[in-house]
$ cat input.txt   # compact mmCIF, C-alpha atoms
# COMPACT_ATOMS: atom_id res chain seq x y z
CA MET A 1 50.90 -216.61 -1.32
CA ALA A 2 47.90 -215.36 0.59
CA ARG A 3 47.80 -216.14 4.28
CA HIS A 4 44.89 -218.05 5.74
CA ILE A 5 43.04 -215.96 8.32
CA LEU A 6 40.90 -217.72 10.88
CA GLN A 7 37.40 -216.48 11.41
CA PRO A 8 36.79 -214.63 14.69
CA TYR A 9 35.46 -216.56 17.63
CA SER A 10 31.73 -216.23 18.20
CA ARG A 11 30.30 -213.83 20.72
CA SER A 12 28.88 -215.17 23.93
CA THR A 13 25.25 -216.22 23.88
CA LEU A 14 22.51 -215.46 26.38
CA VAL A 15 22.66 -219.07 27.58
CA GLU A 16 26.40 -218.77 28.28
CA ARG A 17 25.98 -215.54 30.19
CA LEU A 18 23.19 -217.06 32.26
CA LEU A 19 25.38 -220.09 33.01
CA ILE A 20 28.17 -217.86 34.30
CA PHE A 21 25.80 -215.66 36.31
CA THR A 22 23.84 -218.50 37.94
CA THR A 23 26.98 -220.49 38.77
CA ILE A 24 28.34 -217.53 40.73
CA VAL A 25 25.06 -216.68 42.45
CA ALA A 26 24.46 -220.29 43.52
CA LEU A 27 28.02 -221.05 44.68
CA PRO A 28 27.56 -219.92 48.34
CA LEU A 29 24.75 -222.49 48.65
CA GLN A 30 27.12 -225.44 48.34
CA ASP A 31 27.32 -225.78 52.14
CA TYR A 32 23.56 -225.63 52.69
CA PHE A 33 22.05 -227.99 50.11
CA PRO A 34 22.44 -231.75 50.51
CA PRO A 35 24.62 -233.41 47.87
CA VAL A 36 22.99 -235.15 44.93
CA ALA A 37 24.49 -238.59 44.29
CA GLY A 38 27.51 -237.48 46.30
CA MET A 39 27.94 -234.24 44.30
CA SER A 40 27.47 -230.74 45.72
CA ILE A 41 25.28 -228.18 43.99
CA SER A 42 28.33 -226.14 42.99
CA PHE A 43 29.94 -229.23 41.44
CA LEU A 44 26.77 -229.80 39.40
CA PHE A 45 26.85 -226.21 38.10
CA PHE A 46 30.51 -226.52 37.08
CA ALA A 47 29.78 -229.90 35.51
CA THR A 48 27.05 -228.22 33.45
CA LEU A 49 29.54 -225.54 32.37
CA ALA A 50 32.04 -228.20 31.33
CA ALA A 51 29.44 -230.21 29.42
CA TYR A 52 28.26 -227.10 27.57
CA VAL A 53 31.80 -226.07 26.62
CA ILE A 54 32.72 -229.56 25.41
CA VAL A 55 29.58 -229.87 23.29
CA ASN A 56 29.34 -226.31 21.94
CA ARG A 57 32.68 -224.50 22.39
CA LEU A 58 35.49 -226.93 21.62
CA ARG A 59 37.27 -224.33 19.50
CA SER A 60 37.27 -221.82 22.34
CA LEU A 61 38.41 -224.54 24.71
CA GLY A 62 41.29 -225.33 22.39
CA ALA A 63 42.39 -221.69 22.51
CA VAL A 64 42.65 -221.41 26.30
CA TRP A 65 43.67 -224.80 27.72
CA TYR A 66 47.38 -224.13 27.09
CA HIS A 67 47.42 -220.66 28.65
CA PRO A 68 50.52 -220.17 30.90
CA VAL A 69 48.34 -220.14 34.02
CA PHE A 70 46.97 -223.57 33.21
CA ILE A 71 50.36 -224.94 32.13
CA ALA A 72 51.66 -223.95 35.57
CA ALA A 73 48.63 -225.64 37.16
CA TYR A 74 49.37 -228.86 35.25
CA ALA A 75 52.95 -228.76 36.52
CA PHE A 76 51.67 -228.25 40.07
CA ILE A 77 49.43 -231.31 39.74
CA VAL A 78 52.16 -233.55 38.28
CA VAL A 79 54.91 -232.57 40.74
CA ASN A 80 52.70 -232.89 43.80
CA THR A 81 51.24 -236.19 42.61
CA LEU A 82 54.77 -237.61 42.47
CA LEU A 83 55.58 -236.20 45.91
CA GLU A 84 52.36 -237.56 47.37
CA PHE A 85 53.06 -240.98 45.84
CA SER A 86 56.44 -241.05 47.57
CA SER A 87 54.99 -240.17 51.00
CA PRO A 88 53.43 -242.64 53.46
CA LEU A 89 49.64 -242.95 53.68
CA SER A 90 49.20 -241.28 50.30
CA ARG A 91 45.89 -239.54 49.66
CA TYR A 92 45.15 -237.63 46.46
CA GLY A 93 41.92 -235.85 47.39
CA GLN A 94 43.56 -232.41 47.60
CA ILE A 95 45.23 -232.82 44.20
CA ILE A 96 42.02 -234.10 42.59
CA GLN A 97 40.08 -231.12 43.93
CA PHE A 98 42.75 -228.75 42.59
CA ALA A 99 42.52 -230.46 39.19
CA GLN A 100 38.75 -230.00 39.23
CA MET A 101 39.23 -226.34 40.10
CA THR A 102 41.59 -225.99 37.14
CA ILE A 103 39.08 -227.59 34.78
CA GLY A 104 36.42 -225.20 36.07
CA ALA A 105 38.71 -222.21 35.44
CA ILE A 106 39.38 -223.41 31.88
CA CYS A 107 35.64 -223.66 31.18
CA VAL A 108 34.96 -220.19 32.60
CA ALA A 109 37.80 -218.77 30.47
CA ALA A 110 36.34 -220.42 27.36
CA LEU A 111 32.97 -218.74 28.01
CA CYS A 112 34.22 -215.22 28.90
CA ARG A 113 34.86 -214.27 25.27
CA ASP A 114 33.52 -210.72 25.32
CA ARG A 115 32.49 -207.94 27.66
CA LEU A 116 28.92 -209.19 27.87
CA ALA A 117 30.04 -212.53 29.30
CA LEU A 118 32.60 -210.89 31.57
CA GLY A 119 29.96 -208.43 32.74
CA ALA A 120 27.61 -211.30 33.54
CA GLY A 121 30.27 -212.72 35.85
CA LEU A 122 30.96 -209.38 37.52
CA TYR A 123 27.29 -208.62 38.07
CA GLY A 124 26.97 -212.16 39.40
CA PHE A 125 29.43 -211.23 42.16
CA ILE A 126 27.35 -208.13 42.95
CA ALA A 127 24.10 -210.12 43.06
CA THR A 128 25.70 -212.72 45.32
CA GLY A 129 27.05 -210.07 47.67
CA LEU A 130 23.57 -208.54 47.88
CA TRP A 131 21.61 -211.69 48.70
CA VAL A 132 24.22 -212.95 51.16
CA GLY A 133 24.39 -209.50 52.77
CA ILE A 134 20.61 -209.41 53.21
CA ILE A 135 20.72 -212.74 55.04
CA LEU A 136 23.60 -211.63 57.26
CA PHE A 137 21.81 -208.41 58.19
CA SER A 138 18.53 -210.17 58.95
CA THR A 139 20.11 -212.89 61.10
CA SER A 140 22.88 -211.18 63.01
CA TYR A 141 22.81 -207.38 62.91
CA GLY A 142 20.33 -206.96 65.76
CA THR A 143 22.24 -209.27 68.09
CA LEU A 144 25.57 -207.62 67.34
CA GLN A 145 24.10 -204.15 67.79
CA GLU A 146 22.58 -204.93 71.17
CA MET A 147 25.59 -206.68 72.72
CA GLY A 148 29.14 -205.46 73.25
CA ALA A 149 32.56 -207.08 73.42
CA GLY A 150 35.69 -205.78 75.08
CA ASP A 151 38.33 -208.01 73.50
CA PHE A 152 38.94 -210.72 70.91
CA SER A 153 37.77 -213.56 73.15
CA GLU A 154 34.49 -211.89 74.02
CA ALA A 155 33.92 -210.94 70.39
CA SER A 156 34.45 -214.55 69.29
CA LYS A 157 31.86 -215.75 71.82
CA LEU A 158 29.45 -213.06 70.63
CA ARG A 159 29.95 -214.17 67.03
CA ALA A 160 29.14 -217.78 67.94
CA GLU A 161 25.99 -216.62 69.72
CA ALA A 162 24.88 -214.32 66.90
CA PHE A 163 25.12 -217.06 64.28
CA GLU A 164 24.02 -219.99 66.44
CA ASP A 165 21.36 -222.15 64.76
CA LYS A 166 21.10 -219.74 61.83
CA PRO A 167 20.37 -221.21 58.38
CA MET A 168 23.47 -219.64 56.82
CA ALA A 169 26.05 -220.20 59.57
CA ALA A 170 27.98 -223.22 58.26
CA ASN A 171 30.88 -221.11 56.98
CA ILE A 172 30.38 -217.49 57.94
CA ASN A 173 33.92 -216.53 56.91
CA ALA A 174 33.09 -217.59 53.34
CA LEU A 175 29.87 -215.56 53.44
CA ALA A 176 31.84 -212.51 54.55
CA MET A 177 34.17 -212.99 51.60
CA TRP A 178 31.26 -213.11 49.15
CA CYS A 179 29.94 -209.81 50.50
CA ALA A 180 33.42 -208.31 50.24
CA LEU A 181 33.70 -209.38 46.59
CA GLY A 182 30.32 -207.83 45.81
CA ALA A 183 31.48 -204.57 47.40
CA ILE A 184 34.76 -204.63 45.49
CA VAL A 185 33.12 -205.13 42.09
CA ALA A 186 30.44 -202.49 42.76
CA PHE A 187 33.07 -199.97 43.85
CA ALA A 188 35.17 -200.59 40.72
CA LEU A 189 32.15 -200.14 38.46
CA CYS A 190 31.02 -196.94 40.18
CA LEU A 191 34.29 -195.28 39.16
CA SER A 192 33.36 -195.52 35.48
CA ASP A 193 32.11 -192.46 33.62
CA ARG A 194 30.11 -194.77 31.36
CA LEU A 195 28.06 -195.89 34.37
CA LYS A 196 27.70 -192.47 35.97
CA HIS A 197 23.90 -192.68 35.81
CA PHE A 198 24.07 -195.72 38.10
CA ARG A 199 26.83 -194.35 40.34
CA VAL A 200 24.59 -193.63 43.33
CA LEU A 201 23.11 -197.12 43.12
CA LEU A 202 26.54 -198.75 42.83
CA VAL A 203 27.90 -196.73 45.76
CA GLY A 204 24.92 -197.83 47.83
CA ILE A 205 25.48 -201.48 46.87
CA ALA A 206 29.19 -201.26 47.64
CA SER A 207 28.47 -199.70 51.04
CA PHE A 208 25.81 -202.27 51.92
CA CYS A 209 27.96 -205.26 50.89
CA PHE A 210 31.02 -203.86 52.63
CA VAL A 211 29.13 -203.39 55.90
CA ALA A 212 27.67 -206.89 55.58
CA SER A 213 31.18 -208.33 55.10
CA PHE A 214 32.08 -207.08 58.59
CA LEU A 215 29.12 -208.67 60.37
CA PRO A 216 30.65 -212.19 60.54
CA MET A 217 33.71 -210.57 62.17
CA SER A 218 35.99 -212.19 59.60
CA ARG A 219 39.43 -210.60 59.70
CA GLY A 220 40.39 -212.28 56.44
CA ALA A 221 37.48 -210.78 54.51
CA ALA A 222 38.12 -207.35 56.05
CA ALA A 223 41.81 -207.43 55.14
CA ALA A 224 41.11 -208.71 51.62
CA SER A 225 38.51 -206.03 50.90
CA LEU A 226 40.65 -203.18 52.27
CA MET A 227 43.63 -204.31 50.20
CA SER A 228 41.45 -204.55 47.09
CA PHE A 229 39.96 -201.10 47.62
CA ALA A 230 43.44 -199.63 48.03
CA VAL A 231 44.76 -201.33 44.87
CA ILE A 232 41.71 -200.22 42.86
CA LEU A 233 42.21 -196.62 43.99
CA TYR A 234 45.90 -196.78 43.12
CA ALA A 235 45.27 -198.28 39.67
CA HIS A 236 42.49 -195.83 38.90
CA GLY A 237 44.52 -192.87 40.13
CA VAL A 238 44.48 -191.64 43.71
CA ARG A 239 44.76 -188.05 42.52
CA GLN A 240 41.27 -188.19 41.05
CA GLY A 241 38.99 -186.50 43.54
CA LYS A 242 35.94 -188.49 42.44
CA ALA A 243 37.46 -191.82 43.49
CA LEU A 244 38.59 -190.48 46.86
CA ILE A 245 35.18 -188.93 47.54
CA LEU A 246 33.39 -192.19 46.77
CA ALA A 247 35.83 -194.16 48.92
CA SER A 248 35.35 -191.68 51.77
CA ILE A 249 31.56 -191.97 51.56
CA ILE A 250 31.77 -195.77 51.76
CA GLY A 251 34.28 -195.58 54.62
CA MET A 252 32.16 -193.20 56.69
CA GLY A 253 29.10 -195.33 56.10
CA ILE A 254 30.91 -198.41 57.34
CA TYR A 255 32.17 -196.70 60.47
CA ALA A 256 28.72 -195.39 61.29
CA VAL A 257 26.75 -198.58 60.69
CA VAL A 258 29.03 -201.47 61.70
CA PRO A 259 28.33 -202.51 65.34
CA ASP A 260 31.07 -201.61 67.81
CA ALA A 261 31.46 -205.25 68.87
CA VAL A 262 32.81 -206.10 65.41
CA TRP A 263 35.93 -203.99 65.83
CA SER A 264 36.92 -205.93 68.96
CA ARG A 265 37.69 -209.00 66.84
CA MET A 266 39.70 -207.29 64.09
CA ALA A 267 43.03 -207.45 65.95
CA PHE A 268 45.63 -210.17 65.42
CA SER A 269 48.30 -210.86 67.98
CA THR A 270 51.14 -213.39 68.20
CA SER A 271 51.84 -212.65 71.86
CA VAL A 272 50.67 -214.67 74.85
CA GLN A 273 47.42 -213.33 76.33
CA GLU A 274 46.72 -212.60 79.99
CA ASP A 275 45.23 -216.07 80.46
CA GLY A 276 48.52 -217.62 79.34
CA LYS A 277 47.18 -218.73 75.94
CA MET A 278 48.08 -217.66 72.42
CA GLU A 279 45.53 -216.97 69.71
CA SER A 280 44.75 -220.26 67.93
CA ARG A 281 45.86 -219.15 64.46
CA ALA A 282 49.08 -217.61 65.76
CA LYS A 283 49.71 -220.79 67.71
CA LEU A 284 49.36 -222.84 64.53
CA TYR A 285 51.78 -220.59 62.65
CA ALA A 286 54.33 -220.79 65.47
CA LYS A 287 54.16 -224.58 65.52
CA ALA A 288 54.52 -224.77 61.75
CA PHE A 289 57.64 -222.59 61.72
CA ASN A 290 59.18 -224.49 64.63
CA ARG A 291 58.82 -227.75 62.70
CA LEU A 292 60.00 -226.31 59.38
CA PRO A 293 63.00 -228.70 59.03
CA GLU A 294 60.64 -231.70 59.15
CA TYR A 295 58.78 -230.83 55.95
CA ILE A 296 60.63 -228.09 54.05
CA VAL A 297 62.31 -230.35 51.49
CA ALA A 298 59.56 -232.68 50.24
CA GLY A 299 56.72 -232.24 52.74
CA VAL A 300 55.01 -234.92 54.78
CA GLY A 301 52.25 -235.71 52.28
CA ALA A 302 48.58 -234.70 52.44
CA GLY A 303 47.42 -238.16 53.42
CA ASN A 304 50.11 -238.51 56.07
CA PHE A 305 49.21 -235.07 57.47
CA TYR A 306 45.52 -235.84 57.91
CA ASN A 307 45.97 -239.43 59.12
CA LYS A 308 49.02 -239.28 61.36
CA TRP A 309 51.41 -236.32 61.31
CA ALA A 310 48.89 -233.66 62.44
CA PHE A 311 47.95 -235.68 65.52
CA GLU A 312 51.55 -236.39 66.48
CA LYS A 313 52.79 -232.81 66.05
CA GLY A 314 49.96 -230.93 67.75
CA PHE A 315 47.97 -229.83 64.68
CA SER A 316 44.66 -231.18 65.97
CA LYS A 317 41.68 -230.17 68.08
CA THR A 318 38.79 -231.84 69.84
CA ILE A 319 35.27 -231.37 68.46
CA ALA A 320 32.36 -233.06 70.25
CA GLY A 321 34.78 -235.39 71.98
CA VAL A 322 36.50 -236.43 68.73
CA VAL A 323 40.09 -235.43 67.92
CA VAL A 324 40.38 -234.17 64.34
CA PRO A 325 43.28 -232.69 62.34
CA PHE A 326 43.47 -228.89 62.33
CA PRO A 327 44.74 -227.37 59.03
CA LEU A 328 46.98 -224.31 59.06
CA HIS A 329 44.55 -221.70 57.65
CA ASN A 330 47.24 -220.52 55.23
CA SER A 331 47.55 -221.97 51.74
CA PHE A 332 51.27 -221.30 51.40
CA LEU A 333 52.09 -222.99 54.71
CA GLN A 334 49.67 -225.84 54.06
CA ILE A 335 51.14 -226.61 50.64
CA THR A 336 54.66 -226.48 52.07
CA VAL A 337 53.69 -228.92 54.82
CA PHE A 338 52.08 -231.21 52.25
CA TRP A 339 54.75 -231.17 49.52
CA GLY A 340 57.67 -229.05 50.67
CA VAL A 341 59.46 -226.31 48.83
CA PHE A 342 58.91 -227.96 45.42
CA GLY A 343 55.13 -227.81 45.82
CA LEU A 344 55.35 -224.23 47.08
CA LEU A 345 57.45 -223.14 44.09
CA MET A 346 54.92 -224.67 41.67
CA PHE A 347 52.12 -222.81 43.46
CA LEU A 348 54.03 -219.52 43.34
CA MET A 349 54.53 -220.05 39.61
CA ILE A 350 50.74 -220.20 39.18
CA ILE A 351 50.35 -216.96 41.13
CA TRP A 352 53.03 -215.30 39.01
CA CYS A 353 51.29 -216.35 35.79
CA VAL A 354 47.96 -215.03 37.08
CA TYR A 355 49.64 -211.75 37.93
CA ARG A 356 51.11 -211.58 34.43
CA SER A 357 47.62 -212.11 32.99
CA ILE A 358 46.30 -208.88 34.50
CA PRO A 359 46.27 -206.36 31.63
CA LEU A 360 48.38 -203.23 31.83
CA ARG A 361 46.70 -199.84 32.29
CA CYS A 362 43.70 -201.56 33.89
CA GLY A 363 42.76 -198.30 35.58
CA ARG A 364 41.28 -197.15 32.27
CA ASP A 365 38.45 -199.69 32.28
CA GLU A 366 35.97 -200.49 35.02
CA PHE A 367 35.83 -204.21 34.12
CA SER A 368 39.59 -204.59 34.33
CA LEU A 369 39.54 -202.67 37.63
CA ALA A 370 36.95 -205.08 39.01
CA LEU A 371 39.02 -208.07 37.89
CA LEU A 372 42.07 -206.56 39.56
CA GLY A 373 40.13 -206.18 42.81
CA ILE A 374 38.88 -209.78 42.65
CA ILE A 375 42.38 -211.18 42.08
CA VAL A 376 43.89 -209.11 44.89
CA SER A 377 41.17 -210.25 47.30
CA LEU A 378 41.63 -213.90 46.30
CA GLY A 379 45.37 -213.53 46.78
CA ALA A 380 44.80 -212.13 50.25
CA LEU A 381 42.39 -214.99 50.96
CA LEU A 382 45.21 -217.48 50.37
CA MET A 383 46.83 -216.10 53.51
CA GLN A 384 43.71 -216.92 55.52
CA THR A 385 42.58 -220.34 54.27
CA HIS A 386 44.07 -223.75 53.55
CA ASN A 387 41.52 -224.43 50.77
CA PHE A 388 43.78 -223.51 47.85
CA HIS A 389 41.46 -225.52 45.57
CA ASP A 390 38.25 -223.62 46.39
CA LYS A 391 35.82 -223.16 43.49
CA LEU A 392 35.96 -219.41 44.02
CA TYR A 393 39.47 -219.46 42.55
CA ALA A 394 38.12 -221.21 39.44
CA LEU A 395 35.80 -218.25 38.86
CA GLY A 396 38.39 -215.54 39.49
CA ILE A 397 41.21 -217.16 37.53
CA GLY A 398 38.91 -218.20 34.69
CA MET A 399 37.54 -214.68 34.28
CA VAL A 400 41.02 -213.13 34.29
CA VAL A 401 42.40 -215.62 31.76
CA GLY A 402 39.31 -215.27 29.57
CA ALA A 403 39.52 -211.48 29.61
CA ARG A 404 43.22 -211.56 28.73
CA GLN A 405 42.66 -214.12 25.96
CA TRP A 406 39.64 -212.58 24.27
CA ILE A 407 39.03 -208.97 25.37
CA TRP A 408 42.58 -207.65 25.84
CA PRO A 409 44.70 -210.15 23.85
CA ARG A 410 47.62 -207.71 23.60
CA GLY A 411 47.77 -207.39 27.38
CA ILE A 412 47.01 -203.66 27.44
CA VAL A 413 43.70 -201.93 28.06
CA SER A 414 43.43 -199.56 25.11
CA GLU A 415 42.17 -196.07 25.80
CA VAL A 416 40.39 -196.15 22.44
CA GLU A 417 38.51 -199.30 23.47
CA VAL A 418 37.31 -197.68 26.67
CA SER A 419 36.39 -194.23 25.44
CA LYS A 420 34.87 -194.94 22.03
CA ARG A 421 33.12 -198.26 22.39
CA PRO A 422 29.72 -198.52 24.03
CA LEU A 423 29.39 -200.74 27.08
CA GLY A 424 29.36 -204.41 26.11
CA ASP A 425 30.33 -203.78 22.48
CA ASP A 426 33.82 -205.30 22.44
CA ILE A 427 34.49 -207.02 19.14
CA ASN A 428 36.75 -209.99 19.59
CA ARG A 429 40.18 -209.23 18.14
CA SER A 430 41.99 -212.32 19.24
CA GLN A 431 42.14 -213.56 15.62
CA ASP A 432 44.76 -210.86 14.92
CA ARG A 433 47.42 -213.04 16.47
CA TYR A 434 46.70 -215.77 13.87
CA SER A 435 46.93 -213.56 10.80
$ encode --input "input.txt" --output "structure tokens"
Amino acid sequence: MARHILQPYSRSTLVERLLIFTTIVALPLQDYFPPVAGMSISFLFFATLAAYVIVNRLRSLGAVWYHPVFIAAYAFIVVNTLLEFSSPLSRYGQIIQFAQMTIGAICVAALCRDRLALGAGLYGFIATGLWVGIILFSTSYGTLQEMGAGDFSEASKLRAEAFEDKPMAANINALAMWCALGAIVAFALCLSDRLKHFRVLLVGIASFCFVASFLPMSRGAAAASLMSFAVILYAHGVRQGKALILASIIGMGIYAVVPDAVWSRMAFSTSVQEDGKMESRAKLYAKAFNRLPEYIVAGVGAGNFYNKWAFEKGFSKTIAGVVVPFPLHNSFLQITVFWGVFGLLMFLMIIWCVYRSIPLRCGRDEFSLALLGIIVSLGALLMQTHNFHDKLYALGIGMVVGARQWIWPRGIVSEVEVSKRPLGDDINRSQDRYS
């Protein structure tokens, strides 16, 4: 009896690629545009993505919603909802935001069905890094170049002065991360022989975005970008002289252009300073580890943390005369404080599934290299922020899952695919698994 073979999924359309590109480019503006009917501009873009997928791509949605990454995310939501329900002063805002992030990732995965759609997302990261970098250079470079700083404290004061009353200063650490992601993607693409005619341009973009990522003096963005560059070089092959030469050019450009004051804030210390104080982030980590027995089993609950526990245990600060809770700036610690070891294990399961979604032999393809760099940088960002539900994760996870589902369904980047197919001409082969 003949087997029924499903027809291949349709290629991405121009509208879908524009949706992906514009969503990425507009995402940094979420802190600078007033909400519309209580919804941020980034939420409206993701809502548009979801509406488009539901109306036009239900079949693609049905192929990705049960991916292991999303199954692990569902488990995270269910387990932590039960733990939050059992805690005093329950508040489900963090869980709802994580669920929204998961829905956004599913929609992005449903749209990234071929190399053209994936490329639109990657070039969106480059475009975002460029426009954010231009703003950072125009608003802060002159001030940082003229003034010096001898230590971390002086550098922090200089940073506050450089970005004071600037239009894009609401979350300068996030802006640094966007520039770092643009540099990472540009560097991965410049290693491709298929893009060798654009190599000089891509190296210039990577250098510019990398320098711009240092201007906000964000240690998290610097660490994430350096880790990503190292992983990309390792995956591509450190023995290849071309990659090392390009990395050296970018490194020398950074050292020559970045203001000296920036390097004064790159250190991290857990020791007590000369003034008898400990660095604020190190102080938070020390307090969290000292109180580990209080929350390790089932956590204290997100609502309880923000309404009571943080104030009682010293996780608060005074802003404009008002005492507010002070999160831990580390997603793993924050989740453990919220929901204990059970919540942490569910979160680690998601990370493991994302890691398993990265295709093997990704050094053979510039798009897979760029995705690898994005995932590594987002993983490093988890060590620096408590916003484990940020929309940036929806983009990164969605693109990785979509690429694994549609472009490399067997989990291996084929050398034939890379060497013999023209750029953007990947025919969807995911229907093979149904035959």
$ residues_around --input "input.txt" --residues "region 91-107 of chain A" --least-positions-apart "2" --cutoff "8 Å" --atoms "only C-alpha atoms" --output "MDAnalysis selection string"
chainID A and resid 46 49:50 53 61 64:65 70 73 77 80:81 84 89 109:111 301:304 388:391 393:399
$ atom_distance --input "input.txt" --atom1 "CA of Ser40 (chain A)" --atom2 "CA of Ile184 (chain A)"
27.1 Å
$ closest_residue --input "input.txt" --among "A:Phe367, A:Leu233, A:Ile20, A:Cys179" --to "Arg194 (chain A)" --atoms "all atoms listed in the file"
A:Phe367
$ residues_around --input "input.txt" --residues "Arg364 (chain A)" --least-positions-apart "3" --cutoff "12 Å" --atoms "only C-alpha atoms" --output "number ranges by chain"
A: 188-189, 191-194, 232-237, 359-361, 367-370, 372, 412-419
$ atom_distance --input "input.txt" --atom1 "CA of Glu312 (chain A)" --atom2 "CA of Ser331 (chain A)"
21.0 Å
$ atom_distance --input "input.txt" --atom1 "CA of Ala403 (chain A)" --atom2 "CA of Leu44 (chain A)"
24.4 Å
$ residues_around --input "input.txt" --residues "Ala212 (chain A)" --least-positions-apart "2" --cutoff "7 Å" --atoms "only C-alpha atoms" --output "list of chain:residue names"
A:Gly133, A:Leu136, A:Phe137, A:Cys179, A:Phe208, A:Cys209, A:Phe210, A:Phe214, A:Leu215
$ closest_residue --input "input.txt" --among "A:Leu19, A:Val376, A:Val323, A:Ala180" --to "Val211 (chain A)" --atoms "only C-alpha atoms"
A:Ala180
$ residues_around --input "input.txt" --residues "Gly314 (chain A)" --least-positions-apart "6" --cutoff "10 Å" --atoms "all atoms listed in the file" --output "VMD selection string"
chain A and resid 284 287 to 288 325 to 326
$ closest_residue --input "input.txt" --among "A:Val132, A:Ala380, A:Met39, A:Ala224" --to "Phe332 (chain A)" --atoms "only C-alpha atoms"
A:Ala380
$ axis_aligned_box --input "input.txt" --around "region 338-350 of chain A" --padding-each-side "6 Å" --output "AutoDock Vina command-line options"
--center_x 55.1 --center_y -225.4 --center_z 45.7 --size_x 20.7 --size_y 23.7 --size_z 25.1
